[in-house]
>>> print(open('structure.txt').read())   # compact mmCIF, C-alpha atoms
# COMPACT_ATOMS: atom_id res chain seq x y z
CA MET A 70 91.81 94.92 80.54
CA PRO A 71 94.32 96.85 78.41
CA ALA A 72 93.25 100.18 76.97
CA PRO A 73 92.64 100.45 73.23
CA ALA A 74 95.87 100.68 71.27
CA LEU A 75 96.91 103.65 69.17
CA ALA A 76 97.40 103.03 65.48
CA GLU A 77 101.07 102.90 64.59
CA GLY A 78 102.47 105.64 62.40
CA VAL A 79 99.63 108.07 63.09
CA LEU A 80 100.76 111.59 63.95
CA GLN A 81 98.83 112.71 67.00
CA PRO A 82 97.88 116.39 67.30
CA GLY A 83 98.26 118.52 70.42
CA PRO A 84 101.13 119.31 72.80
CA THR A 85 104.32 117.30 72.35
CA ARG A 86 106.39 118.39 75.38
CA ILE A 87 104.42 117.89 78.57
CA VAL A 88 105.40 118.29 82.22
CA SER A 89 103.12 116.55 84.74
CA LEU A 90 103.00 117.78 88.32
CA GLY A 91 100.90 114.94 89.74
CA PRO A 92 101.07 111.11 89.80
CA LEU A 93 97.49 110.63 88.55
CA LEU A 94 98.06 113.05 85.67
CA THR A 95 101.19 111.13 84.72
CA GLU A 96 99.37 107.81 84.87
CA ASN A 97 96.54 109.16 82.73
CA LEU A 98 98.99 110.41 80.11
CA PHE A 99 100.37 106.91 79.71
CA LEU A 100 96.88 105.40 79.73
CA LEU A 101 96.03 107.69 76.81
CA GLY A 102 99.11 106.45 74.98
CA ALA A 103 100.88 109.80 75.26
CA GLY A 104 103.75 108.77 77.52
CA GLU A 105 106.33 109.63 74.89
CA ARG A 106 105.20 113.25 75.04
CA LEU A 107 106.04 113.47 78.75
CA VAL A 108 109.37 115.26 79.26
CA GLY A 109 109.19 115.76 83.04
CA ASN A 110 107.24 114.83 86.16
CA THR A 111 107.58 114.65 89.96
CA VAL A 112 109.50 112.23 92.15
CA TYR A 113 106.13 110.76 93.21
CA CYS A 114 105.23 109.78 89.65
CA GLN A 115 106.08 106.08 89.86
CA ARG A 116 103.40 104.45 87.71
CA PRO A 117 103.71 103.05 85.15
CA GLU A 118 107.32 101.90 85.30
CA ALA A 119 108.34 104.21 82.42
CA ALA A 120 107.30 107.25 84.48
CA ARG A 121 110.19 106.65 86.87
CA PHE A 122 112.73 107.43 84.15
CA LYS A 123 111.39 110.83 83.16
CA GLU A 124 113.20 114.02 84.24
CA LYS A 125 112.17 114.98 87.78
CA VAL A 126 111.10 118.56 88.52
CA GLY A 127 110.62 118.19 92.28
CA SER A 128 107.89 116.85 94.53
CA VAL A 129 104.17 117.52 94.26
CA GLN A 130 104.37 120.71 96.35
CA GLU A 131 108.04 121.69 96.03
CA LEU A 132 108.90 122.31 92.40
CA SER A 133 111.95 123.62 90.57
CA ILE A 134 110.73 126.39 88.27
CA GLU A 135 114.15 126.50 86.63
CA LYS A 136 114.04 122.77 85.84
CA ILE A 137 110.54 123.02 84.41
CA VAL A 138 111.49 125.96 82.19
CA SER A 139 114.63 124.16 80.97
CA LEU A 140 112.48 121.33 79.62
CA LYS A 141 110.71 123.80 77.27
CA PRO A 142 107.23 122.37 77.82
CA ASP A 143 104.29 123.38 75.66
CA LEU A 144 101.88 122.10 78.34
CA ILE A 145 102.17 121.83 82.13
CA LEU A 146 99.58 119.73 83.95
CA ALA A 147 99.01 120.89 87.54
CA SER A 148 97.19 118.98 90.26
CA ASN A 149 95.09 120.22 93.15
CA LEU A 150 98.26 120.10 95.29
CA THR A 151 100.36 122.29 92.99
CA PRO A 152 101.06 125.61 94.81
CA ARG A 153 99.06 128.41 93.18
CA GLN A 154 101.99 130.81 93.48
CA GLN A 155 104.15 128.52 91.36
CA MET A 156 101.40 128.04 88.79
CA ASP A 157 101.11 131.83 88.52
CA GLN A 158 104.87 132.14 88.18
CA LEU A 159 104.94 129.63 85.33
CA ARG A 160 102.10 131.42 83.56
CA GLN A 161 103.90 134.75 83.93
CA LEU A 162 106.81 133.14 82.08
CA GLY A 163 104.47 132.51 79.16
CA LEU A 164 103.96 128.79 79.78
CA ARG A 165 100.63 127.05 79.41
CA VAL A 166 99.46 125.61 82.73
CA GLU A 167 96.26 123.56 82.97
CA ALA A 168 95.06 122.80 86.50
CA PHE A 169 93.02 119.74 87.47
CA GLY A 170 91.12 119.77 90.76
CA GLN A 171 90.47 116.85 93.07
CA PRO A 172 87.62 114.76 91.63
CA ALA A 173 84.61 114.39 93.92
CA SER A 174 83.05 111.38 92.19
CA PHE A 175 83.54 108.74 89.53
CA ALA A 176 81.76 111.10 87.13
CA ASP A 177 84.39 113.75 87.92
CA ILE A 178 87.21 111.27 87.29
CA CYS A 179 85.78 110.58 83.84
CA SER A 180 85.23 114.27 83.16
CA HIS A 181 88.84 115.12 84.03
CA PHE A 182 90.09 112.26 81.85
CA ARG A 183 87.91 113.41 78.95
CA ARG A 184 89.30 116.95 79.32
CA LEU A 185 92.88 115.67 79.25
CA GLY A 186 92.13 113.61 76.16
CA ALA A 187 90.75 116.70 74.43
CA MET A 188 93.88 118.69 75.29
CA LEU A 189 96.04 116.02 73.68
CA GLY A 190 93.88 115.50 70.61
CA LEU A 191 93.01 112.01 71.85
CA GLU A 192 89.28 112.41 72.39
CA ASP A 193 88.33 109.11 70.77
CA ARG A 194 90.80 107.13 72.84
CA ALA A 195 89.62 108.86 76.03
CA GLU A 196 85.99 108.07 75.23
CA ALA A 197 86.81 104.41 74.53
CA ILE A 198 88.60 104.08 77.86
CA ILE A 199 85.76 105.81 79.72
CA ALA A 200 83.25 103.48 78.04
CA GLN A 201 85.21 100.47 79.32
CA ALA A 202 85.24 101.89 82.84
CA VAL A 203 81.53 102.76 82.81
CA ALA A 204 80.61 99.28 81.57
CA LYS A 205 82.54 97.70 84.47
CA VAL A 206 80.91 100.04 86.99
CA GLU A 207 77.46 99.21 85.63
CA ALA A 208 78.23 95.48 85.88
CA VAL A 209 79.14 95.92 89.55
CA GLN A 210 75.96 97.90 90.24
CA GLN A 211 73.84 95.23 88.61
CA ALA A 212 75.50 92.51 90.71
CA VAL A 213 75.05 94.24 94.08
CA ARG A 214 71.66 95.88 93.48
CA PRO A 215 69.56 93.03 94.94
CA LEU A 216 71.85 92.58 97.96
CA PRO A 217 71.39 94.33 101.33
CA LYS A 218 73.68 97.30 101.88
CA ARG A 219 76.41 96.68 104.44
CA LYS A 220 77.83 99.33 106.75
CA VAL A 221 81.36 100.16 105.61
CA PHE A 222 84.16 102.17 107.19
CA LEU A 223 86.82 103.20 104.66
CA GLN A 224 89.88 104.46 106.51
CA VAL A 225 92.11 106.74 104.43
CA GLY A 226 94.16 108.30 107.26
CA ALA A 227 95.72 107.04 110.48
CA SER A 228 97.05 110.03 112.43
CA PRO A 229 94.57 111.58 112.69
CA LEU A 230 91.97 108.92 112.00
CA PHE A 231 90.33 109.90 108.72
CA SER A 232 87.46 108.42 106.73
CA SER A 233 85.82 108.83 103.35
CA VAL A 234 82.99 111.40 103.07
CA LYS A 235 80.42 112.24 100.37
CA SER A 236 82.53 115.06 98.95
CA SER A 237 85.24 112.55 97.97
CA PHE A 238 85.19 110.13 95.03
CA THR A 239 86.23 107.42 97.52
CA HIS A 240 82.64 107.54 98.78
CA ASP A 241 81.58 106.13 95.39
CA PHE A 242 83.64 103.00 96.01
CA ILE A 243 81.34 102.23 98.93
CA GLU A 244 78.01 103.32 97.46
CA LEU A 245 78.51 101.82 94.00
CA GLY A 246 79.97 98.68 95.59
CA GLY A 247 76.79 97.93 97.52
CA GLY A 248 77.73 99.46 100.86
CA MET A 249 76.59 102.26 103.13
CA ASN A 250 79.29 104.71 104.19
CA ILE A 251 79.09 105.10 107.97
CA ALA A 252 80.84 108.48 107.65
CA GLY A 253 78.80 109.61 104.66
CA GLU A 254 76.88 112.31 106.49
CA GLN A 255 79.95 113.94 108.03
CA ARG A 256 81.29 117.20 106.60
CA SER A 257 84.82 116.33 107.64
CA GLY A 258 86.49 112.96 107.37
CA ALA A 259 88.09 113.33 110.81
CA MET A 260 86.73 110.74 113.25
CA LYS A 261 87.44 109.25 116.64
CA THR A 262 87.75 105.58 117.52
CA GLU A 263 84.73 105.87 119.80
CA GLN A 264 82.59 107.00 116.84
CA ILE A 265 83.61 103.99 114.79
CA LEU A 266 82.80 101.64 117.67
CA ALA A 267 79.37 103.21 118.08
CA LEU A 268 78.60 103.05 114.34
CA ASN A 269 79.68 99.38 114.29
CA PRO A 270 80.73 98.84 110.66
CA GLU A 271 80.22 95.41 109.09
CA VAL A 272 83.24 95.90 106.82
CA ILE A 273 86.43 97.89 107.48
CA ILE A 274 88.67 98.73 104.52
CA ILE A 275 92.04 100.33 105.30
CA ALA A 276 93.78 102.30 102.55
CA VAL A 277 96.11 104.71 104.34
CA MET A 278 99.19 106.35 102.86
CA GLY A 279 102.36 104.88 104.28
CA SER A 280 101.03 101.32 104.14
CA GLU A 281 104.25 100.30 102.38
CA HIS A 282 105.99 101.14 105.68
CA GLY A 283 103.60 99.02 107.74
CA ILE A 284 101.13 101.71 108.83
CA GLY A 285 98.19 99.86 107.27
CA SER A 286 99.09 96.63 109.02
CA GLU A 287 99.42 98.44 112.34
CA GLU A 288 95.96 99.96 111.86
CA LYS A 289 94.49 96.55 111.13
CA LYS A 290 96.03 95.17 114.33
CA ARG A 291 94.53 98.09 116.24
CA TRP A 292 91.01 97.40 114.95
CA LEU A 293 91.33 93.70 115.71
CA GLN A 294 91.56 94.66 119.38
CA PHE A 295 87.83 95.55 119.30
CA PRO A 296 85.97 92.22 118.96
CA THR A 297 82.60 93.91 119.52
CA ILE A 298 82.75 95.44 116.02
CA ASP A 299 80.84 93.30 113.52
CA ALA A 300 83.65 93.64 110.96
CA VAL A 301 86.16 92.25 113.45
CA ARG A 302 83.88 89.48 114.66
CA ASP A 303 83.24 88.35 111.06
CA GLN A 304 86.91 88.75 110.00
CA ARG A 305 86.09 91.46 107.49
CA VAL A 306 88.91 93.94 108.10
CA HIS A 307 90.84 94.40 104.86
CA LEU A 308 93.93 96.23 103.59
CA LEU A 309 94.03 97.84 100.15
CA ASP A 310 96.74 99.66 98.19
CA PRO A 311 96.18 103.38 98.93
CA ASP A 312 97.56 104.36 95.52
CA LEU A 313 94.70 102.55 93.80
CA VAL A 314 92.08 103.89 96.20
CA CYS A 315 93.25 107.49 96.40
CA SER A 316 94.51 108.22 92.86
CA PRO A 317 92.41 106.34 90.34
CA SER A 318 92.13 106.77 86.59
CA PRO A 319 88.74 105.75 85.11
CA LEU A 320 89.95 102.16 84.58
CA THR A 321 91.70 101.78 87.93
CA PHE A 322 88.58 103.20 89.62
CA ALA A 323 86.46 100.54 87.92
CA ASP A 324 88.90 97.74 88.79
CA THR A 325 89.19 98.92 92.39
CA LEU A 326 85.41 99.15 92.61
CA ILE A 327 85.23 95.47 91.66
CA THR A 328 87.55 94.73 94.59
CA PHE A 329 85.37 96.81 96.94
CA ALA A 330 82.21 95.05 95.80
CA ARG A 331 83.77 91.64 96.42
CA LEU A 332 84.94 92.68 99.89
CA ILE A 333 81.51 94.08 100.77
CA HIS A 334 79.53 91.25 99.13
CA PRO A 335 81.71 88.15 98.64
CA GLN A 336 78.66 86.30 97.30
CA ALA A 337 78.10 88.78 94.46
CA VAL A 338 78.49 87.42 90.93
CA ILE A 339 79.91 90.18 88.75
CA ASN A 340 79.54 89.49 85.03
CA LEU A 341 82.18 91.73 83.49
CA PRO A 342 81.79 92.76 79.85
CA ALA A 343 84.29 91.59 77.27
CA PHE A 344 86.16 94.24 75.31
CA GLN A 345 87.80 93.97 71.94
CA PRO A 346 91.05 95.93 71.46
CA GLN A 347 90.49 98.88 69.15
CA PRO A 348 92.91 100.08 66.49
>>> encode(input="structure.txt", output="structure tokens")
Amino acid sequence: MPAPALAEGVLQPGPTRIVSLGPLLTENLFLLGAGERLVGNTVYCQRPEAARFKEKVGSVQELSIEKIVSLKPDLILASNLTPRQQMDQLRQLGLRVEAFGQPASFADICSHFRRLGAMLGLEDRAEAIIAQAVAKVEAVQQAVRPLPKRKVFLQVGASPLFSSVKSSFTHDFIELGGGMNIAGEQRSGAMKTEQILALNPEVIIIAVMGSEHGIGSEEKKRWLQFPTIDAVRDQRVHLLDPDLVCSPSPLTFADTLITFARLIHPQAVINLPAFQPQP
């Protein structure tokens, strides 16, 4: 569902020359309708398509301070991966740097988005988008509530083997989607194959970085070698785009949650709300 449109010809308050140092921050800027304010981002900022054509200031963790300064930004958006030393350096040069941490839940994702909207003077648009996302999440919860929870293993790393834990928003994909996270009680996401075999998940969802190079497919082949796992026996080992799973905006979280719910409970009937575009 497209986000509410901005009224044409309306001058929007807030910063007008923004540098984004993270792909999710870039995506959220465009979702808020502020893509034209973006003057620079990282080489990893690939969504939406227009983000690819912005000036590049380096990678997520290796930035060109000189390039950033040359763009004369009035706001720099830093991610949890932005080196603190470089943030401090930019601030010492008199530039405004706003840092966003890694969200730990869907509620955090919405909170961060709301904060960004406030910075840009786009509070109403941010709230409308969040309301759409929340409505979709509530529709999923209503659909899966009467169904039995299924044991789910969400794999987000291959070498080493890494899973989703409660301190990560990815845990919400499982819980809100009607599943039970087999790694939910672990402090660290690091796991061993033997642990997964013993916990015997009913659904395996693979969303590892590097899937575009075949890593995800290789991991799926590896799991299919263990027919004693319920997920393998029932042909419920699935691949998902790691970009959607690991870097969601409020709306992409909600849409990805719908996918999770349908993978965990194919029989679930999700009655999604209809939205009217807003001026």
>>> closest_residue(input="structure.txt", among="A:Pro319, A:Pro270, A:Gly190, A:Gly247", to="Phe295 in chain A", atoms="all atoms listed in the file")
A:Pro270
>>> closest_residue(input="structure.txt", among="A:Thr325, A:Val301, A:Thr239, A:Asn250", to="Phe175 in chain A", atoms="all atoms listed in the file")
A:Thr239
>>> atom_distance(input="structure.txt", atom1="CA of Ala300 in chain A", atom2="CA of Val277 in chain A")
17.9 Å
>>> residues_around(input="structure.txt", residues="Val209 in chain A", least_positions_apart="2", cutoff="10 Å", atoms="only C-alpha atoms", output="PyMOL selection string")
chain A and resi 203-207+211-214+245-247+323-324+326-331+337-341
>>> atom_distance(input="structure.txt", atom1="CA of Thr262 in chain A", atom2="CA of Val314 in chain A")
21.8 Å
>>> residues_around(input="structure.txt", residues="range 146-154 of chain A", least_positions_apart="3", cutoff="9 Å", atoms="all atoms listed in the file", output="list of chain:residue names")
A:Ile87, A:Val88, A:Ser89, A:Leu90, A:Gly91, A:Pro92, A:Leu93, A:Leu94, A:Thr95, A:Val129, A:Gln130, A:Glu131, A:Leu132, A:Asp157, A:Gln158, A:Leu159, A:Arg165, A:Val166, A:Glu167, A:Ala168, A:Phe169, A:Gly170, A:Gln171
>>> closest_residue(input="structure.txt", among="A:Leu230, A:Ala187, A:Met278, A:Leu144", to="Ser257 in chain A", atoms="only C-alpha atoms")
A:Leu230
>>> residues_near_point(input="structure.txt", point="(106.1, 103.7, 83.6)", cutoff="12 Å", atoms="all atoms listed in the file", output="ChimeraX atom specification")
/A:92,95-100,102-105,107,110,113-123
>>> atom_distance(input="structure.txt", atom1="CA of Gly285 in chain A", atom2="CA of Gly258 in chain A")
17.6 Å
>>> residues_around(input="structure.txt", residues="Lys289 in chain A", least_positions_apart="5", cutoff="12 Å", atoms="all atoms listed in the file", output="VMD selection string")
chain A and resid 224 227 273 to 277 280 283 to 284 294 to 295 300 to 301 304 to 309
>>> closest_residue(input="structure.txt", among="A:Val272, A:Cys179, A:Ala259, A:Ala197", to="Pro317 in chain A", atoms="all atoms listed in the file")
A:Cys179
>>> closest_residue(input="structure.txt", among="A:Pro311, A:Lys220, A:Ile243, A:Asp303", to="Leu268 in chain A", atoms="only C-alpha atoms")
A:Lys220
>>> closest_residue(input="structure.txt", among="A:Leu320, A:Ala195, A:Leu332, A:Met260", to="Gly248 in chain A", atoms="only C-alpha atoms")
A:Leu332
>>> residues_around(input="structure.txt", residues="Gly253 in chain A", least_positions_apart="2", cutoff="10 Å", atoms="only C-alpha atoms", output="list in words")
Val221, Phe222, Ser232, Ser233, Val234, Lys235, Ser236, Ser237, His240, Ile243, Glu244, Met249, Asn250, Ile251, Gln255, Arg256, Ser257 and Gly258 of chain A
>>> residues_near_point(input="structure.txt", point="(109.3, 125.5, 86.7)", cutoff="9 Å", atoms="all atoms listed in the file", output="number ranges by chain")
A: 126, 132-140, 155-156, 158-159
>>> decode(input="structure.txt", residues="range 262-273 of chain A", atoms="N, CA and C atoms", output="PDB file, in the first residue's frame")
ATOM      1  N   THR A 262      24.694 -26.184  14.952  1.00  0.00           N
ATOM      2  CA  THR A 262      23.750 -27.034  14.233  1.00  0.00           C
ATOM      3  C   THR A 262      23.102 -28.042  15.166  1.00  0.00           C
ATOM      4  N   GLU A 263      23.896 -28.587  16.088  1.00  0.00           N
ATOM      5  CA  GLU A 263      23.372 -29.590  17.017  1.00  0.00           C
ATOM      6  C   GLU A 263      22.231 -29.029  17.873  1.00  0.00           C
ATOM      7  N   GLN A 264      22.328 -27.740  18.238  1.00  0.00           N
ATOM      8  CA  GLN A 264      21.259 -27.116  19.014  1.00  0.00           C
ATOM      9  C   GLN A 264      19.963 -27.055  18.211  1.00  0.00           C
ATOM     10  N   ILE A 265      20.094 -26.678  16.951  1.00  0.00           N
ATOM     11  CA  ILE A 265      18.909 -26.564  16.101  1.00  0.00           C
ATOM     12  C   ILE A 265      18.247 -27.928  15.941  1.00  0.00           C
ATOM     13  N   LEU A 266      19.062 -28.964  15.750  1.00  0.00           N
ATOM     14  CA  LEU A 266      18.517 -30.312  15.600  1.00  0.00           C
ATOM     15  C   LEU A 266      17.765 -30.734  16.852  1.00  0.00           C
ATOM     16  N   ALA A 267      18.331 -30.405  18.014  1.00  0.00           N
ATOM     17  CA  ALA A 267      17.700 -30.791  19.280  1.00  0.00           C
ATOM     18  C   ALA A 267      16.402 -30.023  19.516  1.00  0.00           C
ATOM     19  N   LEU A 268      16.358 -28.752  19.114  1.00  0.00           N
ATOM     20  CA  LEU A 268      15.174 -27.923  19.321  1.00  0.00           C
ATOM     21  C   LEU A 268      14.080 -28.217  18.297  1.00  0.00           C
ATOM     22  N   ASN A 269      14.458 -28.834  17.174  1.00  0.00           N
ATOM     23  CA  ASN A 269      13.516 -29.353  16.187  1.00  0.00           C
ATOM     24  C   ASN A 269      12.462 -28.332  15.754  1.00  0.00           C
ATOM     25  N   PRO A 270      12.856 -27.295  15.044  1.00  0.00           N
ATOM     26  CA  PRO A 270      11.873 -26.293  14.601  1.00  0.00           C
ATOM     27  C   PRO A 270      10.879 -26.869  13.593  1.00  0.00           C
ATOM     28  N   GLU A 271       9.653 -26.345  13.622  1.00  0.00           N
ATOM     29  CA  GLU A 271       8.627 -26.739  12.663  1.00  0.00           C
ATOM     30  C   GLU A 271       8.695 -25.895  11.392  1.00  0.00           C
ATOM     31  N   VAL A 272       9.324 -24.726  11.508  1.00  0.00           N
ATOM     32  CA  VAL A 272       9.491 -23.824  10.368  1.00  0.00           C
ATOM     33  C   VAL A 272      10.903 -23.243  10.442  1.00  0.00           C
ATOM     34  N   ILE A 273      11.621 -23.255   9.329  1.00  0.00           N
ATOM     35  CA  ILE A 273      12.929 -22.606   9.237  1.00  0.00           C
ATOM     36  C   ILE A 273      12.827 -21.508   8.191  1.00  0.00           C
TER      37      ILE A 273
END
